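Source file: final.csv. Holds: CSV, C-alpha atoms and all ligand atoms.
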chain,number,residue,atom,x,y,z
A,1,MET,CA,146.7,39.3,172.3
A,2,ASN,CA,147.3,39.9,168.7
A,3,SER,CA,149.9,42.7,168.3
A,4,GLY,CA,149.3,42.6,164.5
A,5,GLY,CA,150.2,45.5,162.2
A,6,PHE,CA,150.4,46.6,158.7
A,7,ALA,CA,153.1,44.4,157.1
A,8,THR,CA,151.7,43.5,153.7
A,9,ARG,CA,151.4,39.8,153.1
A,10,GLY,CA,153.5,39.7,150.0
A,11,ALA,CA,152.6,41.7,146.9
A,12,PRO,CA,149.0,41.3,145.8
A,13,GLY,CA,148.4,40.6,142.1
A,14,GLY,CA,150.5,42.8,139.9
A,15,ALA,CA,152.0,44.6,142.9
A,16,SER,CA,155.4,43.0,142.4
A,17,VAL,CA,156.1,45.5,139.6
A,18,ARG,CA,156.2,48.3,142.2
A,19,PRO,CA,159.7,49.5,143.0
A,20,ALA,CA,160.9,48.8,146.5
A,21,GLY,CA,160.7,51.7,149.0
A,22,GLY,CA,163.6,53.4,150.6
A,23,THR,CA,165.1,56.4,148.9
A,24,ARG,CA,162.1,57.6,147.0
A,25,GLN,CA,160.7,61.0,148.1
A,26,LYS,CA,157.5,61.1,150.0
A,27,SER,CA,154.9,63.7,149.6
A,28,VAL,CA,152.1,64.7,152.1
A,29,SER,CA,148.9,66.6,152.1
A,30,PHE,CA,146.7,67.6,155.1
A,31,GLU,CA,143.0,67.8,155.6
A,32,PHE,CA,141.5,70.4,158.0
A,33,PHE,CA,137.9,71.2,158.9
A,34,PRO,CA,136.5,74.8,159.2
A,35,PRO,CA,136.4,75.9,162.8
A,36,LYS,CA,133.1,76.7,164.6
A,37,THR,CA,134.4,78.7,167.6
A,38,GLU,CA,137.2,81.1,168.4
A,39,LYS,CA,139.0,78.4,170.4
A,40,MET,CA,138.8,76.0,167.4
A,41,GLU,CA,139.9,78.7,165.1
A,42,ALA,CA,143.0,79.2,167.2
A,43,ALA,CA,143.7,75.5,167.2
A,44,LEU,CA,143.4,75.4,163.4
A,45,TRP,CA,145.8,78.2,162.8
A,46,GLU,CA,148.3,76.7,165.2
A,47,SER,CA,148.1,73.5,163.1
A,48,VAL,CA,148.4,75.3,159.8
A,49,GLU,CA,151.5,77.2,161.0
A,50,ARG,CA,153.1,74.1,162.4
A,51,LEU,CA,152.5,72.0,159.2
A,52,GLU,CA,153.3,74.7,156.6
A,53,PRO,CA,157.1,74.3,156.8
A,54,LEU,CA,156.7,70.6,155.7
A,55,SER,CA,155.7,72.0,152.2
A,56,PRO,CA,152.6,69.8,151.7
A,57,THR,CA,151.5,69.2,148.1
A,58,PHE,CA,148.3,70.8,149.2
A,59,VAL,CA,146.0,71.2,152.2
A,60,SER,CA,142.2,70.9,152.0
A,61,VAL,CA,139.3,72.2,154.0
A,62,THR,CA,136.1,70.1,154.4
A,63,TYR,CA,132.6,71.1,153.6
A,64,GLY,CA,130.0,70.4,156.4
A,65,ALA,CA,127.0,68.2,156.0
A,66,GLY,CA,124.3,69.9,153.9
A,67,GLY,CA,126.6,72.7,152.9
A,68,SER,CA,126.3,74.0,156.5
A,69,THR,CA,129.9,75.3,156.4
A,70,ARG,CA,129.8,77.0,153.0
A,71,GLU,CA,130.8,80.4,154.4
A,72,ARG,CA,133.3,79.0,156.9
A,73,THR,CA,134.9,76.7,154.3
A,74,LEU,CA,135.3,79.7,152.0
A,75,ALA,CA,136.7,81.9,154.7
A,76,THR,CA,139.2,79.3,155.8
A,77,VAL,CA,140.5,78.4,152.3
A,78,LYS,CA,140.7,82.2,151.5
A,79,LYS,CA,142.8,82.8,154.7
A,80,ILE,CA,145.1,79.8,154.1
A,81,ALA,CA,145.6,81.0,150.5
A,82,ALA,CA,146.3,84.6,151.6
A,83,GLU,CA,148.5,83.9,154.6
A,84,THR,CA,150.5,80.8,153.7
A,85,THR,CA,152.4,79.4,150.8
A,86,MET,CA,150.5,76.2,150.7
A,87,PRO,CA,148.3,75.3,147.7
A,88,VAL,CA,144.8,74.9,149.2
A,89,ALA,CA,141.7,72.9,148.0
A,90,ALA,CA,138.1,73.4,149.0
A,91,HIS,CA,135.8,70.4,149.5
A,92,LEU,CA,132.3,70.8,147.9
A,93,THR,CA,129.3,68.5,148.2
A,94,CYS,CA,126.0,68.2,146.3
A,95,VAL,CA,123.8,67.8,149.5
A,96,ALA,CA,120.7,69.8,150.0
A,97,ALA,CA,121.5,72.3,147.2
A,98,THR,CA,120.4,73.0,143.7
A,99,LYS,CA,122.9,72.9,140.8
A,100,ASP,CA,122.8,76.7,140.8
A,101,GLU,CA,123.7,76.9,144.4
A,102,VAL,CA,126.5,74.5,144.1
A,103,ASP,CA,127.8,76.2,141.0
A,104,SER,CA,127.7,79.5,142.7
A,105,ALA,CA,129.7,78.1,145.6
A,106,ALA,CA,132.3,76.8,143.1
A,107,ARG,CA,132.4,80.2,141.4
A,108,SER,CA,133.0,81.9,144.8
A,109,PHE,CA,136.0,79.6,145.3
A,110,LEU,CA,137.3,80.4,141.9
A,111,ASP,CA,136.8,84.2,142.5
A,112,ALA,CA,138.9,83.8,145.6
A,113,GLY,CA,141.7,82.2,143.6
A,114,ILE,CA,141.0,78.7,144.8
A,115,ASN,CA,141.0,76.4,141.8
A,116,HIS,CA,141.4,73.0,143.4
A,117,ILE,CA,138.1,71.4,144.5
A,118,VAL,CA,137.6,68.1,146.3
A,119,ALA,CA,134.3,67.1,144.6
A,120,LEU,CA,132.0,65.0,146.7
A,121,ARG,CA,128.4,63.8,146.8
A,122,GLY,CA,128.1,64.1,150.5
A,123,ASP,CA,126.2,62.0,153.1
A,124,PRO,CA,122.4,62.0,153.7
A,125,PRO,CA,121.3,64.4,156.4
A,126,GLU,CA,121.4,62.9,159.9
A,127,GLY,CA,118.5,60.6,160.5
A,128,ASP,CA,118.1,59.7,156.8
A,129,SER,CA,119.6,56.3,156.0
A,130,LYS,CA,119.4,56.7,152.2
A,131,TYR,CA,120.9,59.5,150.1
A,132,THR,CA,118.3,61.3,148.1
A,133,PRO,CA,119.5,63.9,145.5
A,134,HIS,CA,118.1,67.4,146.0
A,135,PRO,CA,115.5,68.2,143.3
A,136,GLY,CA,117.4,70.2,140.7
A,137,GLY,CA,120.7,69.3,142.4
A,138,TYR,CA,123.7,67.1,141.3
A,139,ASP,CA,122.8,63.5,141.9
A,140,CYS,CA,126.3,62.2,142.5
A,141,ALA,CA,130.0,63.3,142.6
A,142,ALA,CA,130.5,62.3,138.9
A,143,SER,CA,127.8,64.8,137.8
A,144,LEU,CA,129.4,67.4,140.1
A,145,VAL,CA,132.7,66.9,138.4
A,146,GLU,CA,131.1,67.4,135.0
A,147,GLY,CA,129.4,70.6,136.3
A,148,LEU,CA,132.7,71.9,137.7
A,149,ARG,CA,134.4,71.3,134.3
A,150,ARG,CA,131.8,73.5,132.7
A,151,ILE,CA,132.5,76.3,135.2
A,152,GLY,CA,136.3,76.6,135.1
A,153,ASP,CA,139.7,75.1,134.9
A,154,PHE,CA,139.6,73.3,138.2
A,155,GLU,CA,142.0,70.8,139.6
A,156,ILE,CA,139.5,68.2,140.8
A,157,SER,CA,140.1,65.5,143.5
A,158,VAL,CA,137.5,62.9,144.3
A,159,ALA,CA,136.9,60.2,146.9
A,160,ALA,CA,137.7,56.6,146.5
A,161,TYR,CA,136.9,53.6,148.7
A,162,PRO,CA,139.4,50.7,149.1
A,163,GLU,CA,136.8,48.9,151.2
A,164,VAL,CA,133.8,49.8,149.0
A,165,HIS,CA,131.3,52.6,149.7
A,166,PRO,CA,128.3,51.3,151.8
A,167,ASP,CA,125.9,52.5,149.0
A,168,ALA,CA,127.7,50.6,146.2
A,169,ALA,CA,125.9,47.6,144.8
A,170,SER,CA,129.3,45.8,144.5
A,171,ALA,CA,133.0,46.4,144.5
A,172,GLU,CA,132.9,46.5,140.6
A,173,ALA,CA,130.0,49.1,140.7
A,174,ASP,CA,132.0,51.2,143.1
A,175,LEU,CA,135.1,51.1,140.8
A,176,ASP,CA,132.9,51.9,137.8
A,177,ASN,CA,131.7,54.9,139.7
A,178,LEU,CA,135.3,56.0,140.3
A,179,LYS,CA,136.0,55.6,136.6
A,180,ARG,CA,133.0,57.8,135.8
A,181,LYS,CA,134.4,60.5,138.1
A,182,VAL,CA,137.8,60.2,136.3
A,183,ASP,CA,136.2,60.2,132.8
A,184,ALA,CA,134.3,63.4,133.9
A,185,GLY,CA,137.6,65.1,134.6
A,186,ALA,CA,138.9,64.2,138.1
A,187,THR,CA,142.6,64.5,138.4
A,188,ARG,CA,143.3,62.8,141.7
A,189,ALA,CA,141.5,60.4,144.1
A,190,ILE,CA,141.9,60.5,147.9
A,191,THR,CA,140.8,57.4,149.7
A,192,GLN,CA,138.6,56.9,152.8
A,193,PHE,CA,140.9,55.8,155.7
A,194,PHE,CA,141.6,52.1,156.0
A,195,PHE,CA,143.7,49.8,158.3
A,196,SER,CA,144.5,47.0,155.8
A,197,ASN,CA,147.3,48.0,153.5
A,198,ASP,CA,146.7,44.7,151.5
A,199,THR,CA,143.1,45.9,150.8
A,200,PHE,CA,144.4,49.3,149.6
A,201,LEU,CA,147.1,47.7,147.4
A,202,ARG,CA,144.6,45.3,145.9
A,203,PHE,CA,142.2,48.2,145.2
A,204,LEU,CA,145.0,50.1,143.5
A,205,ASP,CA,145.7,47.1,141.3
A,206,ARG,CA,142.0,46.8,140.4
A,207,ALA,CA,141.8,50.5,139.7
A,208,ARG,CA,144.8,50.4,137.4
A,209,ALA,CA,143.5,47.3,135.6
A,210,ALA,CA,140.2,49.2,135.0
A,211,GLY,CA,142.1,52.0,133.3
A,212,ILE,CA,142.0,54.5,136.2
A,213,ASP,CA,145.4,56.1,135.9
A,214,ILE,CA,145.1,59.3,138.1
A,215,PRO,CA,147.1,59.4,141.4
A,216,ILE,CA,145.2,57.5,144.1
A,217,ILE,CA,146.4,58.9,147.5
A,218,PRO,CA,145.8,56.8,150.6
A,219,GLY,CA,143.9,58.7,153.3
A,220,ILE,CA,145.7,58.1,156.6
A,221,MET,CA,143.7,58.5,159.9
A,222,PRO,CA,146.0,58.7,162.9
A,223,VAL,CA,143.8,57.1,165.6
A,224,THR,CA,143.8,58.8,169.0
A,225,ASN,CA,140.2,58.3,170.0
A,226,PHE,CA,139.7,54.7,169.2
A,227,LYS,CA,136.0,54.7,170.2
A,228,ASN,CA,135.2,57.6,167.8
A,229,VAL,CA,137.2,55.9,164.9
A,230,ARG,CA,135.3,52.7,165.4
A,231,ARG,CA,132.0,54.5,165.3
A,232,PHE,CA,133.0,56.5,162.2
A,233,ALA,CA,134.4,53.4,160.5
A,234,GLY,CA,131.1,51.7,161.1
A,235,MET,CA,129.4,54.4,159.1
A,236,CYS,CA,131.7,54.5,156.2
A,237,GLY,CA,132.4,50.8,155.8
A,238,ALA,CA,136.0,50.8,157.0
A,239,VAL,CA,137.1,47.6,158.8
A,240,VAL,CA,138.7,48.0,162.2
A,241,PRO,CA,141.0,45.0,162.8
A,242,GLN,CA,141.2,43.4,166.2
A,243,TRP,CA,145.0,44.1,166.5
A,244,LEU,CA,144.2,47.8,166.4
A,245,ALA,CA,141.6,47.4,169.1
A,246,ASP,CA,144.1,45.4,171.1
A,247,ARG,CA,146.6,48.3,170.9
A,248,PHE,CA,144.2,50.8,172.4
A,249,GLU,CA,142.7,48.4,175.0
A,250,GLY,CA,142.8,49.8,178.5
A,251,LEU,CA,143.9,53.3,177.5
A,252,ASP,CA,140.6,55.1,177.6
A,253,ASP,CA,141.9,57.4,180.3
A,254,ASP,CA,145.4,57.7,179.0
A,255,PRO,CA,145.5,60.1,176.1
A,256,GLU,CA,149.2,60.5,176.2
A,257,THR,CA,149.9,56.8,175.6
A,258,ARG,CA,147.1,56.7,173.0
A,259,SER,CA,148.9,59.5,171.1
A,260,LEU,CA,152.2,57.7,171.1
A,261,ILE,CA,150.5,54.6,169.8
A,262,ALA,CA,148.6,56.6,167.2
A,263,ALA,CA,151.8,58.1,165.8
A,264,THR,CA,153.6,54.7,165.8
A,265,THR,CA,150.7,53.0,164.1
A,266,ALA,CA,150.4,55.6,161.4
A,267,VAL,CA,154.1,55.6,160.7
A,268,GLU,CA,154.1,51.8,160.5
A,269,GLN,CA,151.2,52.0,158.0
A,270,CYS,CA,152.9,54.7,155.8
A,271,LEU,CA,156.3,53.0,155.8
A,272,ASP,CA,154.7,49.7,154.8
A,273,LEU,CA,152.8,51.4,152.0
A,274,HIS,CA,156.0,53.2,150.9
A,275,GLU,CA,157.8,49.9,150.8
A,276,ALA,CA,155.0,48.7,148.4
A,277,GLY,CA,155.5,51.7,146.1
A,278,VAL,CA,153.2,54.4,147.5
A,279,ASP,CA,154.8,57.8,147.8
A,280,GLY,CA,152.0,60.2,148.7
A,281,PHE,CA,150.0,60.3,151.9
A,282,HIS,CA,146.9,62.4,152.8
A,283,PHE,CA,146.5,62.9,156.6
A,284,TYR,CA,143.2,63.5,158.2
A,285,THR,CA,144.6,65.9,160.8
A,286,LEU,CA,141.3,66.7,162.7
A,287,ASN,CA,142.9,70.1,163.1
A,288,ARG,CA,145.6,68.8,165.5
A,289,ALA,CA,149.0,69.2,164.0
A,290,ASN,CA,151.2,67.5,166.6
A,291,LEU,CA,150.5,63.9,165.5
A,292,SER,CA,150.7,64.6,161.8
A,293,TYR,CA,153.9,66.5,162.3
A,294,ALA,CA,155.5,63.7,164.3
A,295,ILE,CA,154.4,61.1,161.8
A,296,CYS,CA,155.9,63.2,158.9
A,297,HIS,CA,159.1,63.7,160.8
A,298,MET,CA,159.5,59.9,161.3
A,299,LEU,CA,158.8,59.5,157.6
A,300,GLY,CA,161.6,61.9,156.8
A,301,VAL,CA,159.4,64.7,155.7
A,302,ARG,CA,161.1,67.7,157.2
A,303,PRO,CA,160.8,71.5,157.1
A,304,GLN,CA,162.4,72.7,153.9
A,305,ASP,CA,165.1,74.9,155.6
A,306,GLU,CA,166.1,71.9,157.7
A,307,ALA,CA,166.3,69.7,154.6
A,308,ILE,CA,168.4,72.2,152.8
A,309,ASP,CA,170.7,72.6,155.8
A,310,ALA,CA,171.1,68.9,156.1
A,311,GLY,CA,171.9,68.7,152.3
A,312,LEU,CA,174.5,71.5,152.6
A,313,GLN,CA,176.2,69.9,155.6
A,314,LEU,CA,176.4,66.6,153.7
A,315,SER,CA,177.8,68.2,150.6
A,316,MET,CA,180.4,70.2,152.7
A,317,ALA,CA,181.4,67.0,154.5
A,318,SER,CA,182.0,65.1,151.3
B,401,LIG,C1,138.8,62.1,150.9
B,401,LIG,C2,137.3,62.3,151.4
B,401,LIG,C3,136.9,63.6,151.7
B,401,LIG,C4,135.6,63.8,152.1
B,401,LIG,N1,135.2,65.1,152.5
B,401,LIG,C5,133.9,65.3,152.8
B,401,LIG,C6,133.4,66.6,153.1
B,401,LIG,O1,134.2,67.6,153.1
B,401,LIG,N2,132.1,66.8,153.4
B,401,LIG,C7,131.2,65.7,153.4
B,401,LIG,O2,130.0,66.0,153.7
B,401,LIG,N3,131.6,64.5,153.1
B,401,LIG,C8,132.9,64.2,152.8
B,401,LIG,N4,133.3,62.9,152.5
B,401,LIG,C9,132.4,61.8,152.7
B,401,LIG,C10,131.6,61.6,151.4
B,401,LIG,O3,130.8,62.7,151.1
B,401,LIG,C11,130.7,60.3,151.5
B,401,LIG,O4,131.5,59.2,151.6
B,401,LIG,C12,129.5,60.2,150.6
B,401,LIG,O5,128.7,59.2,151.1
B,401,LIG,C13,130.0,59.7,149.2
B,401,LIG,O6,130.5,60.7,148.5
B,401,LIG,P1,131.3,60.5,147.1
B,401,LIG,O7,131.7,61.7,146.6
B,401,LIG,O8,132.2,59.4,147.2
B,401,LIG,O9,130.0,60.0,146.2
B,401,LIG,P2,129.8,59.3,144.8
B,401,LIG,O10,131.1,59.1,144.2
B,401,LIG,O11,128.8,60.0,144.1
B,401,LIG,O12,129.3,57.8,145.2
B,401,LIG,C14,128.8,57.4,146.4
B,401,LIG,C15,128.3,55.9,146.3
B,401,LIG,O13,127.1,55.9,145.5
B,401,LIG,C16,127.2,55.1,144.4
B,401,LIG,N5,126.7,55.7,143.2
B,401,LIG,C17,126.9,57.0,142.8
B,401,LIG,N6,126.3,57.3,141.7
B,401,LIG,C18,125.5,56.2,141.4
B,401,LIG,C19,124.6,55.9,140.4
B,401,LIG,N7,124.3,56.8,139.5
B,401,LIG,N8,124.1,54.7,140.4
B,401,LIG,C20,124.4,53.8,141.4
B,401,LIG,N9,125.3,54.0,142.4
B,401,LIG,C21,125.8,55.2,142.4
B,401,LIG,C22,128.7,54.9,144.2
B,401,LIG,O14,129.1,53.6,143.7
B,401,LIG,C23,129.3,55.0,145.5
B,401,LIG,O15,129.2,53.8,146.2
B,401,LIG,C24,134.7,62.7,152.2
B,401,LIG,C25,135.1,61.4,151.8
B,401,LIG,C26,136.4,61.2,151.4
B,401,LIG,C27,136.9,59.8,151.1

Once you've parsed the file, please lay out its structure as structure tokens.
Amino acid sequence: MNSGGFATRGAPGGASVRPAGGTRQKSVSFEFFPPKTEKMEAALWESVERLEPLSPTFVSVTYGAGGSTRERTLATVKKIAAETTMPVAAHLTCVAATKDEVDSAARSFLDAGINHIVALRGDPPEGDSKYTPHPGGYDCAASLVEGLRRIGDFEISVAAYPEVHPDAASAEADLDNLKRKVDAGATRAITQFFFSNDTFLRFLDRARAAGIDIPIIPGIMPVTNFKNVRRFAGMCGAVVPQWLADRFEGLDDDPETRSLIAATTAVEQCLDLHEAGVDGFHFYTLNRANLSYAICHMLGVRPQDEAIDAGLQLSMAS
């Protein structure tokens, strides 16, 4: 049995210049998906309310395959913007839509006061193995970023792939593609989830060496349903290490223990990344707040009031 874990095997090339972790502040952001049913809607709002006190840098709402959630994504980001203090971003993809249709979705976000877009190409519709741009549509995320820049003064986040996107001809081509998105106007990259911090840190070094200087925020997937994560990882090219499989072995019918292991594993991953100089973390919440909340608590990311109280008590005691 290999208990494994995240400890980085020494700093990869150039990583030694990173400051040691410890007292530096950590920042977090959370990703939600637009709910389909009333029950899912209730779960989402419970999560939003639970995570809001942690003052995330931003929260984002995904855009379903083929633009299928356009209205629900818009309704969800609007409601988050209206009812919470959290900055909110809307995901937007190029799939199955003309440029005019995508531009009009972007304008409706802007009209609703949402000026942060996570700009994505999107995946081929189910059943198609290869991505084919819609005739008259944006062919890739870099073109979408260019299009958005023409429409308004958006803050634009894009996707990055420490383990290389399955469609990329090579790791270099994938990095060139990220550079194209940055040159087109992206201001932040958020990565696909990964379970090898060494791989992420090496990717960060290569991106910096290629002149990509925007923040690159690691996407953290707290694993509760190991089978689902393994299936999804297979589709997006993320490697699932044996030590992670070992941790979940024999727990198919024990969700409570799986949750505890999920939180511990994600905290371990974030602390190891923080030690290597990474301060921001983007959590794929899957609309379930409890895990992300517990992970943030263990990382020292606390509700603002609590943090202020703790600071006051400290200063009164000294
Ligand atoms: C943080 C994050 C959030 C996401 N949110 C969503 C979401 O809300 N909805 C959704 O449907 N999907 C989402 N995805 C998944 C994403 O849509 C897929 O990974 C998709 O396959 C690629 O999107 P992209 O924006 O990275 O594409 P791109 O950056 O356009 O690139 C995709 C791949 O194609 C290659 N490529 C692009 N252009 C060219 C070119 N001209 N010539 C050769 N190769 C090229 C690139 O190298 C890259 O490997 C998300 C992914 C991440 C990491």

request  = Show which residues sit within 10 Å of Phe248 of chain A, as a PyMOL selection string. Count only C-alpha atoms, and ignore same-chain residues fewer than 5 positions away.
outcome  = chain A and resi 223-227+243+254+257-259+261-262

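Considering all atoms listed in the file, the residue among A:Cys94, A:Gln25, A:Leu260, A:Pro133 positioned nearest to Val278 of chain A is A:Gln25.
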
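The smallest atom-to-atom distance between Lys181 of chain A and any of A:Val240, A:Ala119, A:Met221, A:Ala42, using all atoms listed in the file, is found for A:Ala119.
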
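With distances restricted to all atoms listed in the file, A:Ser29 is the closest residue to Gly280 of chain A from A:Asn115, A:Thr199, A:Ser68, A:Ser29.
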
inquiry  = Report as a ChimeraX atom specification all protein, DNA and RNA residues lying within 12 Å of Asp174 of chain A, evaluated on only C-alpha atoms, omitting residues in the same chain fewer than 3 positions from it.
reply    = /A:142,159-171,177-181,203,206-207,210

ask   = What is the atom O3 of ligand LIG 401 (chain B) to atom CA of Val95 of chain A distance in Å?
value =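 Calculated distance between atom O3 of ligand LIG 401 (chain B) and atom CA of Val95 of chain A is 8.8 Å.
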
task = Tell me which of A:Leu92, A:Leu244, A:Val229, A:Leu291 sits closest to ligand LIG 401 (chain B), counting only C-alpha atoms and all ligand atoms.
result =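 Nearest candidate to ligand LIG 401 (chain B) out of A:Leu92, A:Leu244, A:Val229, A:Leu291: A:Leu92.
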
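Using only C-alpha atoms for every distance, the candidate list A:Thr191, A:Asn287, A:Ser104, A:Thr265 yields A:Ser104 as the residue closest to Ile151 of chain A.
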
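Contact shell of Gly136 of chain A at 8 Å (only C-alpha atoms; same-chain neighbours under 4 positions omitted): Ala97, Thr98 and Lys99 of chain A.
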
query = Distance atom CA of Pro255 of chain A-atom C24 of ligand LIG 401 (chain B), one decimal place?
reply =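 Here the two named atoms are 26.4 Å from each other.
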
task = Skip Gly300 of chain A itself and residues of its chain fewer than 4 positions away, then list as a VMD selection string all residues within 9 Å of it, counting only C-alpha atoms.
result = chain A and resid 25 to 26 295 to 296

query = What does the distance from atom CA of Pro241 of chain A to atom CA of Ser196 of chain A come to in Å, to one decimal?
reply = 8.1 Å

query = So which residues are close to (139.2, 65.4, 137.8), meaning at most 6 Å away in the file's coordinates with only C-alpha atoms counted, and can you show them as a PyMOL selection string?
reply = chain A and resi 156-157+182+185-187

request  = Within 10 Å of (143.0, 57.3, 149.4) (coordinates as in the file), grab all the protein and nucleic acid residues, counting all atoms listed in the file, and write them out as a PyMOL selection string.
outcome  = chain A and resi 158-162+188-194+200+204+215-220+280-283

message = Just checking: using all atoms listed in the file, which residue out of A:Thr264, A:Thr84, A:Thr73, A:Ser27 ends up closest to Glu52 of chain A?
response =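 Looking only at the distances to Glu52 of chain A, the closest residue turns out to be A:Thr84.
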
Asp111 of chain A surroundings by all atoms listed in the file, 12 Å radius, close-in-sequence under 3 positions cut, as a PDB file with C-alpha atoms, in the coordinates of the input:
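around30.pdb, freshly written:
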ATOM      1  CA  LEU A  74     135.300  79.700 152.000  1.00  0.00           C
ATOM      2  CA  VAL A  77     140.500  78.400 152.300  1.00  0.00           C
ATOM      3  CA  LYS A  78     140.700  82.200 151.500  1.00  0.00           C
ATOM      4  CA  SER A 104     127.700  79.500 142.700  1.00  0.00           C
ATOM      5  CA  ALA A 105     129.700  78.100 145.600  1.00  0.00           C
ATOM      6  CA  ALA A 106     132.300  76.800 143.100  1.00  0.00           C
ATOM      7  CA  ARG A 107     132.400  80.200 141.400  1.00  0.00           C
ATOM      8  CA  SER A 108     133.000  81.900 144.800  1.00  0.00           C
ATOM      9  CA  ILE A 114     141.000  78.700 144.800  1.00  0.00           C
ATOM     10  CA  ASN A 115     141.000  76.400 141.800  1.00  0.00           C
ATOM     11  CA  ILE A 151     132.500  76.300 135.200  1.00  0.00           C
ATOM     12  CA  GLY A 152     136.300  76.600 135.100  1.00  0.00           C
TER      13      GLY A 152
END

Extract segment 284-300 of chain A from the structure I just pasted (atoms: C-alpha atoms) and return it as an mmCIF file, in the first residue's frame.
data_model
loop_
_atom_site.group_PDB
_atom_site.id
_atom_site.type_symbol
_atom_site.label_atom_id
_atom_site.label_comp_id
_atom_site.auth_asym_id
_atom_site.auth_seq_id
_atom_site.Cartn_x
_atom_site.Cartn_y
_atom_site.Cartn_z
ATOM 1 C CA TYR A 284 -14.392 23.046 -7.687
ATOM 2 C CA THR A 285 -17.186 22.931 -5.087
ATOM 3 C CA LEU A 286 -19.689 20.844 -7.101
ATOM 4 C CA ASN A 287 -22.235 23.015 -5.232
ATOM 5 C CA ARG A 288 -21.412 21.336 -1.927
ATOM 6 C CA ALA A 289 -20.008 23.816 0.555
ATOM 7 C CA ASN A 290 -19.137 21.683 3.542
ATOM 8 C CA LEU A 291 -15.934 20.227 2.152
ATOM 9 C CA SER A 292 -14.639 23.506 0.714
ATOM 10 C CA TYR A 293 -15.530 25.268 3.973
ATOM 11 C CA ALA A 294 -13.662 22.689 6.071
ATOM 12 C CA ILE A 295 -10.637 22.854 3.771
ATOM 13 C CA CYS A 296 -10.569 26.672 3.933
ATOM 14 C CA HIS A 297 -10.875 26.568 7.724
ATOM 15 C CA MET A 298 -7.880 24.252 7.965
ATOM 16 C CA LEU A 299 -5.965 26.546 5.609
ATOM 17 C CA GLY A 300 -6.674 29.443 7.983
#
